[in-house]
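Just model_35.cif here, mmCIF, C-alpha atoms and all ligand atoms:
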data_model
loop_
_atom_site.label_atom_id
_atom_site.label_comp_id
_atom_site.auth_asym_id
_atom_site.auth_seq_id
_atom_site.Cartn_x
_atom_site.Cartn_y
_atom_site.Cartn_z
CA MET O 72 0.00 0.00 0.00
CA ALA O 73 1.36 3.42 -0.94
CA ASN O 74 2.32 5.42 2.08
CA VAL O 75 0.28 8.50 1.13
CA PRO O 76 -0.59 10.93 3.95
CA GLY O 77 -4.31 10.62 4.59
CA GLY O 78 -4.61 7.62 2.27
CA ALA O 79 -6.20 4.29 3.15
CA GLY O 80 -4.38 2.80 6.11
CA ALA O 81 -2.81 6.10 7.14
CA ARG O 82 -2.05 6.42 10.84
CA ALA O 83 -0.29 8.90 13.04
CA ALA O 84 3.45 8.17 12.82
CA TRP O 85 4.99 6.41 15.83
CA ARG O 86 7.02 8.87 17.88
CA GLY O 87 9.13 6.62 20.14
CA VAL O 88 8.47 5.60 23.74
CA VAL O 89 9.24 8.93 25.43
CA GLN O 90 6.70 10.90 23.39
CA GLU O 91 4.12 8.11 23.13
CA TYR O 92 4.01 7.44 26.88
CA ARG O 93 5.43 10.59 28.46
CA SER O 94 2.55 10.95 30.97
CA PHE O 95 3.32 7.45 32.34
CA LEU O 96 7.08 8.02 32.70
CA SER O 97 8.72 9.44 35.81
CA LEU O 98 11.05 11.49 33.65
CA PRO O 99 11.89 15.11 34.63
CA ALA O 100 9.73 17.54 32.65
CA ASP O 101 12.76 19.27 31.12
CA ALA O 102 14.46 16.04 29.99
CA PRO O 103 15.00 16.06 26.22
CA ASP O 104 13.16 13.65 23.91
CA VAL O 105 15.90 11.18 22.95
CA THR O 106 14.67 8.65 20.41
CA LEU O 107 15.48 6.32 17.55
CA LEU O 108 11.70 5.67 17.28
CA GLU O 109 12.01 2.57 19.49
CA GLY O 110 8.90 0.68 20.61
CA GLY O 111 5.73 0.18 18.60
CA THR O 112 6.85 -3.40 17.89
CA PRO O 113 4.60 -6.06 16.32
CA LEU O 114 2.52 -8.58 18.27
CA VAL O 115 2.37 -11.61 16.00
CA PRO O 116 -0.08 -14.51 16.56
CA ALA O 117 1.44 -18.00 16.56
CA VAL O 118 0.37 -20.38 13.81
CA ARG O 119 1.96 -23.69 14.87
CA VAL O 120 3.82 -23.78 18.17
CA GLY O 121 1.09 -22.75 20.65
CA ARG O 122 0.10 -26.28 21.71
CA GLY O 123 -3.47 -25.19 22.43
CA ALA O 124 -2.70 -21.77 23.89
CA ASP O 125 -3.90 -18.55 22.25
CA LEU O 126 -0.30 -17.52 21.77
CA HIS O 127 1.19 -14.23 20.55
CA PHE O 128 4.78 -13.09 20.21
CA LYS O 129 5.96 -9.59 21.10
CA ILE O 130 8.72 -9.01 18.56
CA GLU O 131 11.24 -6.89 20.43
CA GLY O 132 13.91 -7.70 17.86
CA SER O 133 12.15 -5.09 15.70
CA ASN O 134 13.54 -2.28 17.86
CA PRO O 135 16.19 -0.02 16.28
CA THR O 136 19.21 -1.97 17.55
CA GLY O 137 17.36 -5.30 17.59
CA SER O 138 16.41 -5.72 21.25
CA PHE O 139 14.05 -4.35 23.91
CA LYS O 140 17.00 -2.57 25.54
CA ASP O 141 16.28 0.40 23.26
CA ARG O 142 13.07 1.22 25.16
CA GLY O 143 14.98 1.61 28.40
CA MET O 144 17.97 3.28 26.77
CA ALA O 145 15.88 6.06 25.22
CA VAL O 146 14.55 7.04 28.65
CA ALA O 147 17.85 6.48 30.52
CA VAL O 148 19.83 8.58 28.05
CA SER O 149 17.19 11.29 28.10
CA ALA O 150 17.49 11.44 31.92
CA ALA O 151 21.29 11.29 31.71
CA LEU O 152 21.40 14.32 29.41
CA GLN O 153 19.05 16.22 31.69
CA ALA O 154 21.31 15.41 34.66
CA GLY O 155 24.39 16.65 32.80
CA ALA O 156 26.20 13.31 32.37
CA ARG O 157 29.37 13.48 30.26
CA PHE O 158 29.53 9.81 29.26
CA LEU O 159 27.55 6.55 29.36
CA VAL O 160 28.93 3.40 30.93
CA CYS O 161 27.56 -0.15 31.22
CA ALA O 162 28.41 -3.80 31.58
CA SER O 163 26.66 -6.00 29.07
CA THR O 164 26.01 -9.46 27.71
CA GLY O 165 25.83 -7.61 24.40
CA ASN O 166 22.47 -5.98 23.79
CA THR O 167 22.77 -3.26 26.42
CA SER O 168 26.11 -2.26 24.91
CA ALA O 169 24.72 -2.26 21.35
CA SER O 170 21.84 -0.07 22.48
CA ALA O 171 23.96 2.26 24.64
CA ALA O 172 26.37 2.70 21.73
CA ALA O 173 23.56 3.68 19.37
CA TYR O 174 21.96 6.23 21.72
CA ALA O 175 25.40 7.57 22.57
CA ALA O 176 26.10 8.13 18.88
CA ARG O 177 22.69 9.74 18.49
CA THR O 178 23.23 12.23 21.31
CA GLY O 179 26.98 12.78 20.93
CA LEU O 180 27.84 11.31 24.34
CA PRO O 181 30.82 8.92 24.53
CA ALA O 182 30.03 5.35 25.62
CA LEU O 183 32.29 3.03 27.62
CA LEU O 184 31.17 -0.61 27.40
CA ALA O 185 32.48 -3.48 29.52
CA VAL O 186 31.62 -6.90 28.07
CA PRO O 187 32.69 -10.31 29.36
CA ALA O 188 35.45 -12.09 27.46
CA ALA O 189 35.08 -15.20 29.64
CA GLY O 190 32.95 -18.27 28.91
CA GLY O 191 32.36 -17.78 25.18
CA GLY O 192 31.82 -14.05 25.66
CA VAL O 193 29.24 -12.12 23.70
CA ALA O 194 27.46 -12.85 20.39
CA LYS O 195 29.27 -11.48 17.31
CA GLY O 196 26.47 -9.31 15.97
CA LYS O 197 26.27 -7.37 19.22
CA LEU O 198 30.01 -6.66 19.25
CA ALA O 199 29.80 -5.54 15.63
CA GLN O 200 27.05 -3.06 16.53
CA ALA O 201 28.95 -1.55 19.45
CA LEU O 202 32.05 -1.09 17.30
CA ALA O 203 30.13 0.28 14.32
CA PHE O 204 28.49 2.92 16.52
CA GLY O 205 31.96 4.05 17.58
CA ALA O 206 31.79 3.15 21.27
CA ARG O 207 34.79 2.24 23.41
CA LEU O 208 34.44 -1.51 23.77
CA VAL O 209 36.34 -3.08 26.65
CA LEU O 210 36.66 -6.87 26.77
CA VAL O 211 36.80 -7.71 30.46
CA ASP O 212 38.63 -10.75 31.72
CA GLY O 213 35.65 -12.06 33.69
CA ASN O 214 31.93 -12.78 33.42
CA PHE O 215 28.99 -10.35 33.28
CA ASP O 216 28.46 -10.24 37.04
CA GLU O 217 32.10 -9.24 37.59
CA ALA O 218 31.93 -6.61 34.84
CA LEU O 219 28.75 -5.13 36.36
CA ALA O 220 30.32 -4.91 39.82
CA ALA O 221 33.27 -3.05 38.29
CA VAL O 222 31.22 -0.48 36.37
CA ARG O 223 28.98 0.11 39.39
CA ALA O 224 32.09 1.02 41.37
CA LEU O 225 33.28 3.23 38.52
CA ALA O 226 29.95 5.06 38.32
CA ALA O 227 29.84 5.54 42.09
CA ALA O 228 33.22 7.30 41.90
CA ARG O 229 32.36 9.41 38.84
CA PRO O 230 29.34 11.72 39.17
CA ASP O 231 29.74 12.68 35.50
CA ALA O 232 29.06 9.08 34.41
CA ALA O 233 25.59 7.74 33.60
CA LEU O 234 25.36 4.04 34.41
CA VAL O 235 22.82 2.67 31.92
CA ASN O 236 22.43 -0.90 33.16
CA SER O 237 19.01 -1.96 34.41
CA VAL O 238 20.03 -0.91 37.95
CA ASN O 239 19.27 2.55 36.53
CA PRO O 240 15.57 3.02 37.35
CA MET O 241 15.01 4.95 34.11
CA ARG O 242 15.78 1.76 32.15
CA LEU O 243 12.79 0.00 33.73
CA GLU O 244 10.63 3.07 33.18
CA GLY O 245 11.28 2.82 29.46
CA GLN O 246 10.91 -0.95 29.29
CA LYS O 247 7.51 -0.96 31.00
CA THR O 248 6.07 0.61 27.84
CA ALA O 249 6.15 -2.84 26.20
CA ALA O 250 3.43 -3.95 28.64
CA PHE O 251 1.32 -0.93 27.62
CA GLU O 252 1.68 -1.94 23.98
CA VAL O 253 0.72 -5.56 24.68
CA CYS O 254 -2.51 -4.36 26.35
CA ASP O 255 -3.23 -1.94 23.52
CA GLN O 256 -2.59 -4.63 20.89
CA LEU O 257 -4.69 -7.35 22.58
CA GLY O 258 -7.34 -5.00 23.93
CA ASP O 259 -6.49 -6.15 27.48
CA ALA O 260 -3.73 -7.90 29.44
CA PRO O 261 -3.06 -11.56 28.50
CA ASP O 262 -3.58 -14.45 30.96
CA TRP O 263 0.15 -15.15 31.00
CA LEU O 264 3.29 -13.28 30.01
CA CYS O 265 6.31 -15.54 29.39
CA ILE O 266 9.67 -13.80 29.38
CA PRO O 267 13.36 -14.72 29.58
CA VAL O 268 15.07 -13.58 32.78
CA GLY O 269 18.73 -12.62 33.07
CA ASN O 270 19.51 -9.58 35.19
CA ALA O 271 15.75 -9.59 35.95
CA GLY O 272 15.05 -5.99 34.97
CA ASN O 273 12.66 -6.65 32.11
CA VAL O 274 10.27 -8.97 33.95
CA SER O 275 10.10 -6.32 36.71
CA ALA O 276 9.49 -3.57 34.15
CA TYR O 277 6.64 -5.47 32.49
CA TRP O 278 4.98 -6.02 35.85
CA ARG O 279 5.21 -2.33 36.66
CA GLY O 280 3.74 -1.54 33.25
CA PHE O 281 0.79 -3.90 33.63
CA CYS O 282 0.03 -2.61 37.13
CA GLU O 283 0.14 1.04 36.07
CA TYR O 284 -1.94 0.41 32.97
CA ARG O 285 -4.62 -1.36 34.98
CA ARG O 286 -4.66 1.43 37.54
CA ALA O 287 -5.15 3.88 34.66
CA GLY O 288 -8.16 1.87 33.49
CA CYS O 289 -6.42 0.66 30.32
CA ALA O 290 -6.59 -3.05 31.27
CA THR O 291 -9.24 -4.96 33.27
CA HIS O 292 -6.89 -7.49 34.92
CA LEU O 293 -3.24 -8.40 35.47
CA PRO O 294 -1.43 -11.29 33.79
CA ARG O 295 0.44 -14.04 35.56
CA LEU O 296 4.18 -13.96 34.91
CA LEU O 297 6.36 -16.83 33.82
CA GLY O 298 10.06 -15.99 34.18
CA ALA O 299 12.18 -18.41 32.14
CA GLN O 300 15.82 -18.91 33.10
CA ALA O 301 18.45 -21.09 31.46
CA GLU O 302 19.20 -24.08 33.68
CA GLY O 303 22.92 -23.25 33.90
CA ALA O 304 22.12 -19.68 34.96
CA SER O 305 18.96 -20.04 37.05
CA PRO O 306 19.54 -18.32 40.41
CA LEU O 307 15.88 -17.29 40.74
CA VAL O 308 14.74 -20.89 40.39
CA ALA O 309 17.48 -22.46 42.50
CA GLY O 310 17.36 -19.78 45.20
CA HIS O 311 21.11 -19.18 45.20
CA GLU O 312 23.60 -17.25 43.08
CA PHE O 313 25.62 -18.97 40.33
CA GLU O 314 29.35 -18.20 40.42
CA ARG O 315 29.97 -19.62 36.93
CA PRO O 316 26.74 -19.27 34.92
CA GLU O 317 26.75 -21.25 31.69
CA THR O 318 24.25 -21.37 28.79
CA VAL O 319 24.07 -21.01 25.01
CA ALA O 320 21.64 -18.17 25.66
CA THR O 321 24.40 -15.61 26.23
CA ALA O 322 22.00 -12.69 26.84
CA ILE O 323 20.79 -14.39 30.02
CA ARG O 324 24.11 -15.89 31.17
CA ILE O 325 23.88 -14.11 34.52
CA GLY O 326 24.46 -15.68 37.93
CA LYS O 327 23.73 -12.74 40.24
CA PRO O 328 20.73 -10.82 38.90
CA ALA O 329 20.91 -7.20 40.05
CA ASN O 330 17.10 -6.89 40.04
CA ALA O 331 16.39 -10.22 41.76
CA HIS O 332 14.45 -8.49 44.57
CA LEU O 333 12.12 -6.68 42.16
CA ALA O 334 11.59 -9.77 40.02
CA ARG O 335 10.81 -11.98 43.03
CA ALA O 336 8.24 -9.49 44.27
CA ALA O 337 6.70 -9.15 40.79
CA VAL O 338 6.36 -12.88 40.21
CA ALA O 339 4.94 -13.40 43.72
CA GLU O 340 2.36 -10.62 43.29
CA ALA O 341 1.45 -11.97 39.85
CA GLY O 342 0.89 -15.49 41.13
CA GLY O 343 3.53 -16.52 38.64
CA ARG O 344 6.57 -18.73 38.56
CA PHE O 345 10.24 -18.88 37.64
CA LEU O 346 11.10 -21.99 35.63
CA ALA O 347 14.45 -23.32 34.43
CA VAL O 348 14.74 -24.62 30.87
CA SER O 349 17.67 -26.60 29.52
CA ASP O 350 19.85 -25.41 26.64
CA ALA O 351 18.42 -28.29 24.58
CA ASP O 352 14.88 -27.02 25.24
CA ILE O 353 15.92 -23.45 24.41
CA LEU O 354 17.44 -24.55 21.11
CA ARG O 355 14.35 -26.66 20.28
CA ALA O 356 12.19 -23.58 20.78
CA TYR O 357 14.68 -21.44 18.81
CA ARG O 358 14.50 -23.78 15.82
CA ALA O 359 10.72 -24.12 16.05
CA LEU O 360 10.25 -20.34 16.10
CA ALA O 361 12.37 -19.94 12.97
CA ARG O 362 11.25 -22.99 11.01
CA GLU O 363 7.57 -23.23 12.02
CA GLU O 364 6.67 -19.61 12.70
CA GLY O 365 9.08 -17.64 10.48
CA LEU O 366 10.33 -15.78 13.55
CA PHE O 367 14.09 -15.43 13.91
CA CYS O 368 15.05 -14.50 17.46
CA GLU O 369 18.21 -15.01 19.47
CA PRO O 370 18.56 -18.07 21.74
CA ALA O 371 17.81 -16.18 24.99
CA SER O 372 14.50 -15.01 23.51
CA ALA O 373 13.46 -18.58 22.72
CA ALA O 374 13.60 -19.34 26.46
CA SER O 375 10.18 -17.66 26.66
CA LEU O 376 8.61 -20.29 24.39
CA ALA O 377 10.56 -23.12 26.04
CA GLY O 378 9.25 -21.80 29.35
CA MET O 379 5.66 -21.72 28.08
CA TRP O 380 5.91 -25.32 26.89
CA ALA O 381 7.30 -26.36 30.29
CA ALA O 382 4.48 -24.49 32.07
CA GLN O 383 1.91 -26.28 29.88
CA ASP O 384 3.50 -29.63 30.70
CA ALA O 385 3.33 -28.71 34.41
CA GLY O 386 -0.38 -27.84 34.07
CA LEU O 387 0.22 -24.18 34.93
CA ILE O 388 -0.84 -22.77 31.56
CA ARG O 389 -4.08 -24.35 30.39
CA GLU O 390 -5.75 -24.97 27.02
CA GLY O 391 -7.13 -21.81 25.41
CA GLN O 392 -5.43 -19.34 27.72
CA ARG O 393 -4.10 -16.19 26.12
CA VAL O 394 -0.32 -16.07 26.34
CA VAL O 395 2.27 -13.55 25.20
CA CYS O 396 5.85 -14.74 24.78
CA VAL O 397 8.34 -11.90 24.59
CA LEU O 398 10.95 -12.43 21.87
CA THR O 399 13.50 -10.10 23.36
CA GLY O 400 16.16 -9.91 20.65
CA ASN O 401 16.74 -10.40 16.93
CA GLY O 402 18.21 -13.64 15.56
CA LEU O 403 20.79 -11.73 13.53
CA LYS O 404 22.53 -10.86 16.79
CA ASP O 405 24.01 -14.36 16.96
CA PRO O 406 24.71 -15.54 13.40
CA GLU O 407 27.15 -18.23 14.51
CA ARG O 408 24.47 -19.97 16.59
CA ALA O 409 22.01 -19.74 13.70
CA VAL O 410 24.40 -21.46 11.32
CA ALA O 411 25.32 -24.10 13.91
CA GLU O 412 21.64 -25.02 14.42
CA SER O 413 20.76 -25.21 10.71
CA ASP O 414 21.20 -27.55 7.76
CA PRO O 415 24.31 -26.70 5.75
CA ALA O 416 24.07 -24.75 2.50
CA LEU O 417 24.14 -26.72 -0.79
CA HIS O 418 26.47 -26.19 -3.73
CA ALA O 419 25.81 -26.18 -7.48
CA GLN O 420 27.11 -24.98 -10.83
CA PRO O 421 25.09 -22.05 -12.26
CA THR O 422 22.77 -24.23 -14.37
CA ALA O 423 19.01 -24.78 -14.07
CA GLU O 424 19.57 -28.55 -13.86
CA GLU O 425 22.05 -28.43 -10.99
CA ILE O 426 20.03 -25.92 -9.01
CA THR O 427 16.81 -27.94 -9.61
CA ALA O 428 18.63 -31.00 -8.27
CA CYS O 429 18.85 -29.15 -4.94
CA LEU O 430 15.05 -29.30 -4.44
CA PRO O 431 13.76 -31.87 -1.98
CA MET O 432 13.28 -35.26 -3.63
CA GLU O 433 9.49 -34.98 -4.07
CA LEU O 434 9.82 -31.67 -5.99
CA ARG O 435 12.65 -32.56 -8.34
C1 LIG Z 501 18.88 -8.29 28.27
C2 LIG Z 501 18.24 -9.43 27.60
C3 LIG Z 501 17.47 -10.38 28.29
C4 LIG Z 501 17.34 -10.39 29.78
O1 LIG Z 501 16.68 -9.28 30.30
P1 LIG Z 501 16.90 -8.90 31.85
O2 LIG Z 501 16.22 -7.61 32.01
O3 LIG Z 501 18.38 -8.81 32.03
O4 LIG Z 501 16.31 -10.01 32.64
C5 LIG Z 501 16.82 -11.37 27.57
N1 LIG Z 501 16.94 -11.45 26.23
C6 LIG Z 501 17.67 -10.57 25.53
C7 LIG Z 501 17.76 -10.72 24.07
C8 LIG Z 501 18.34 -9.53 26.17
O5 LIG Z 501 19.08 -8.68 25.47
#
Mind turning the file's structure into structure tokens?
Amino acid sequence: MANVPGGAGARAAWRGVVQEYRSFLSLPADAPDVTLLEGGTPLVPAVRVGRGADLHFKIEGSNPTGSFKDRGMAVAVSAALQAGARFLVCASTGNTSASAAAYAARTGLPALLAVPAAGGGVAKGKLAQALAFGARLVLVDGNFDEALAAVRALAAARPDAALVNSVNPMRLEGQKTAAFEVCDQLGDAPDWLCIPVGNAGNVSAYWRGFCEYRRAGCATHLPRLLGAQAEGASPLVAGHEFERPETVATAIRIGKPANAHLARAAVAEAGGRFLAVSDADILRAYRALAREEGLFCEPASAASLAGMWAAQDAGLIREGQRVVCVLTGNGLKDPERAVAESDPALHAQPTAEEITACLPMELR
């Protein structure tokens, strides 16, 4: 359809989370509107993998840098500018640094990014983004939890630094807007929200969003929350910290979640649950999303679907219930994992015959 102003299908242009939801955000009135037009992401109904649930996917990989972190970064950087910060700093499993680097470039602030070099490190696409945006990328000889402790100490000693991890309350303010959108897109809150949990900021932000939207009369009820953790990095399920978290889902390879207290309270209030899913289950969901739904997310995001399946098996989520799984990040973030989980490419000479011979047997 032609994008003609006032034509069929014309709508007011999306303005980014700060302008769209300003009245809901606890952002100082004189904070500037920082935006890459984040938010406004699709809610896509499932066609094959719902197993009897009325399942929808919130496609957060459609944000400007390919993850939900952009919602929080827009608000955090806006507040940082208002407060007179001279640079941004964060620790990251990759997506926070990609997002911080983009908003830093946008506003002209320098960004200092500490990412773990240990344990397989960070997915390639995320490193490429941080470098392309011109940030200072520091590979830290340790895991995420150690990198976060270090940048928290740095920020405490430097009043001119804005720490943009999810311990910054403005990050959660921005991220809660995804819950508003889910309610707007469904017409009400779902029965369940399934979401991957790493540092535990996002699950807390969604809960805050649902509660505020209901209080404002924009939803009639609250959802239950299912927080999915990777088995090898599941402190909220096990009830103790993990010194050496390990999982293929690098975005949630976190052993000491900084927002554990908020997430525990949210899940308790919501009558929800934290569940651990194995790497094998995560990769099964990852493949199913791509091959059966046409949705390419990163492995951590697929933990939401793996978690929903596990909750169905446990009788928690029942037939016909309306469920939203949050697909937190884009599959292009981790191209090496995508290739490793797929059939290899075929080879042919540039002839019709040879290329035809590459069809599956029944179509040749
Ligand atoms: C950051 C991130 C998570 C985890 O979110 P938390 O707020 O740290 O719990 C999950 N998936 C992706 C893709 C992420 O980038």
As a quick test: using all atoms listed in the file, which residues lie no more than 7 Å away from ligand LIG 501 (chain Z)? Give them as a PDB file with C-alpha atoms, keeping the file's coordinate frame.
ATOM      1  CA  SER O 138      16.410  -5.720  21.250  1.00  0.00           C
ATOM      2  CA  PHE O 139      14.050  -4.350  23.910  1.00  0.00           C
ATOM      3  CA  LYS O 140      17.000  -2.570  25.540  1.00  0.00           C
ATOM      4  CA  GLY O 165      25.830  -7.610  24.400  1.00  0.00           C
ATOM      5  CA  ASN O 166      22.470  -5.980  23.790  1.00  0.00           C
ATOM      6  CA  THR O 167      22.770  -3.260  26.420  1.00  0.00           C
ATOM      7  CA  SER O 237      19.010  -1.960  34.410  1.00  0.00           C
ATOM      8  CA  PRO O 267      13.360 -14.720  29.580  1.00  0.00           C
ATOM      9  CA  VAL O 268      15.070 -13.580  32.780  1.00  0.00           C
ATOM     10  CA  GLY O 269      18.730 -12.620  33.070  1.00  0.00           C
ATOM     11  CA  ASN O 270      19.510  -9.580  35.190  1.00  0.00           C
ATOM     12  CA  ALA O 271      15.750  -9.590  35.950  1.00  0.00           C
ATOM     13  CA  GLY O 272      15.050  -5.990  34.970  1.00  0.00           C
ATOM     14  CA  ASN O 273      12.660  -6.650  32.110  1.00  0.00           C
ATOM     15  CA  VAL O 274      10.270  -8.970  33.950  1.00  0.00           C
ATOM     16  CA  ALA O 322      22.000 -12.690  26.840  1.00  0.00           C
ATOM     17  CA  ILE O 323      20.790 -14.390  30.020  1.00  0.00           C
ATOM     18  CA  GLU O 369      18.210 -15.010  19.470  1.00  0.00           C
ATOM     19  CA  ALA O 371      17.810 -16.180  24.990  1.00  0.00           C
ATOM     20  CA  SER O 372      14.500 -15.010  23.510  1.00  0.00           C
ATOM     21  CA  THR O 399      13.500 -10.100  23.360  1.00  0.00           C
ATOM     22  CA  GLY O 400      16.160  -9.910  20.650  1.00  0.00           C
TER      23      GLY O 400
END
Using Å and a single decimal, report how far CA of Ile130 (chain O) sits from CA of Arg86 (chain O). 18.0 Å
One-decimal distance in Å that lies between CA of Ala381 (chain O) and CA of Val395 (chain O):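 Atom-to-atom, CA of Val395 (chain O) to CA of Ala381 (chain O), that is 14.7 Å.
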Neighbouring residues of region 190-201 of chain O were defined as those with any atom within 10 Å, considering all atoms listed in the file; residues of the same chain fewer than 2 positions away were excluded. Please report them as a PyMOL selection string. chain O and resi 136-137+163-173+182-184+186-188+203-208+210-215+315-322+324+369+401-408
Contacts of Val160 (chain O) at 8 Å (only C-alpha atoms; same-chain gap of 6+ positions) as a PDB file with C-alpha atoms, keeping the file's coordinate frame:
ATOM      1  CA  ALA O 182      30.030   5.350  25.620  1.00  0.00           C
ATOM      2  CA  LEU O 183      32.290   3.030  27.620  1.00  0.00           C
ATOM      3  CA  LEU O 184      31.170  -0.610  27.400  1.00  0.00           C
ATOM      4  CA  ALA O 185      32.480  -3.480  29.520  1.00  0.00           C
ATOM      5  CA  VAL O 222      31.220  -0.480  36.370  1.00  0.00           C
ATOM      6  CA  ALA O 226      29.950   5.060  38.320  1.00  0.00           C
ATOM      7  CA  ALA O 232      29.060   9.080  34.410  1.00  0.00           C
ATOM      8  CA  ALA O 233      25.590   7.740  33.600  1.00  0.00           C
ATOM      9  CA  LEU O 234      25.360   4.040  34.410  1.00  0.00           C
ATOM     10  CA  VAL O 235      22.820   2.670  31.920  1.00  0.00           C
TER      11      VAL O 235
END
Contacts of Thr112 (chain O) at 9 Å or less, counting all atoms listed in the file, minus same-chain residues fewer than 2 places along, as a list in words?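 In the requested format, the answer is Glu109, Gly110, Leu114, Lys129, Ile130, Glu131, Gly132, Ser133, Asn134, Ala249 and Glu252 of chain O.
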Smallest atom-to-atom distance to Ala359 (chain O): which of O:Ala228, O:Ala84, O:Val118, O:Ala124, using all atoms listed in the file?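 Result for the nearest residue to Ala359 (chain O): O:Val118.
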Identify which of the residues O:Ala151, O:Ala145, O:Arg119, O:Trp278 lies closest to Arg362 (chain O), counting all atoms listed in the file when measuring atom-to-atom distances. O:Arg119
Restricting the calculation to all atoms listed in the file: of O:Leu159, O:Ala356, O:Ala79, O:Ala337, which residue gets closest to Met144 (chain O)?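 Checking each of O:Leu159, O:Ala356, O:Ala79, O:Ala337 against Met144 (chain O), counting all atoms listed in the file, the winner is O:Leu159.
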When you draw a straight line from CA of Asp255 (chain O) to CA of Tyr174 (chain O), how long is it in Å? 26.5 Å
Can you work out which one of O:Arg142, O:Arg295, O:Arg335, O:Arg285 has the shortest atom-to-atom distance to Thr248 (chain O), counting only C-alpha atoms?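 Closest candidate: O:Arg142.
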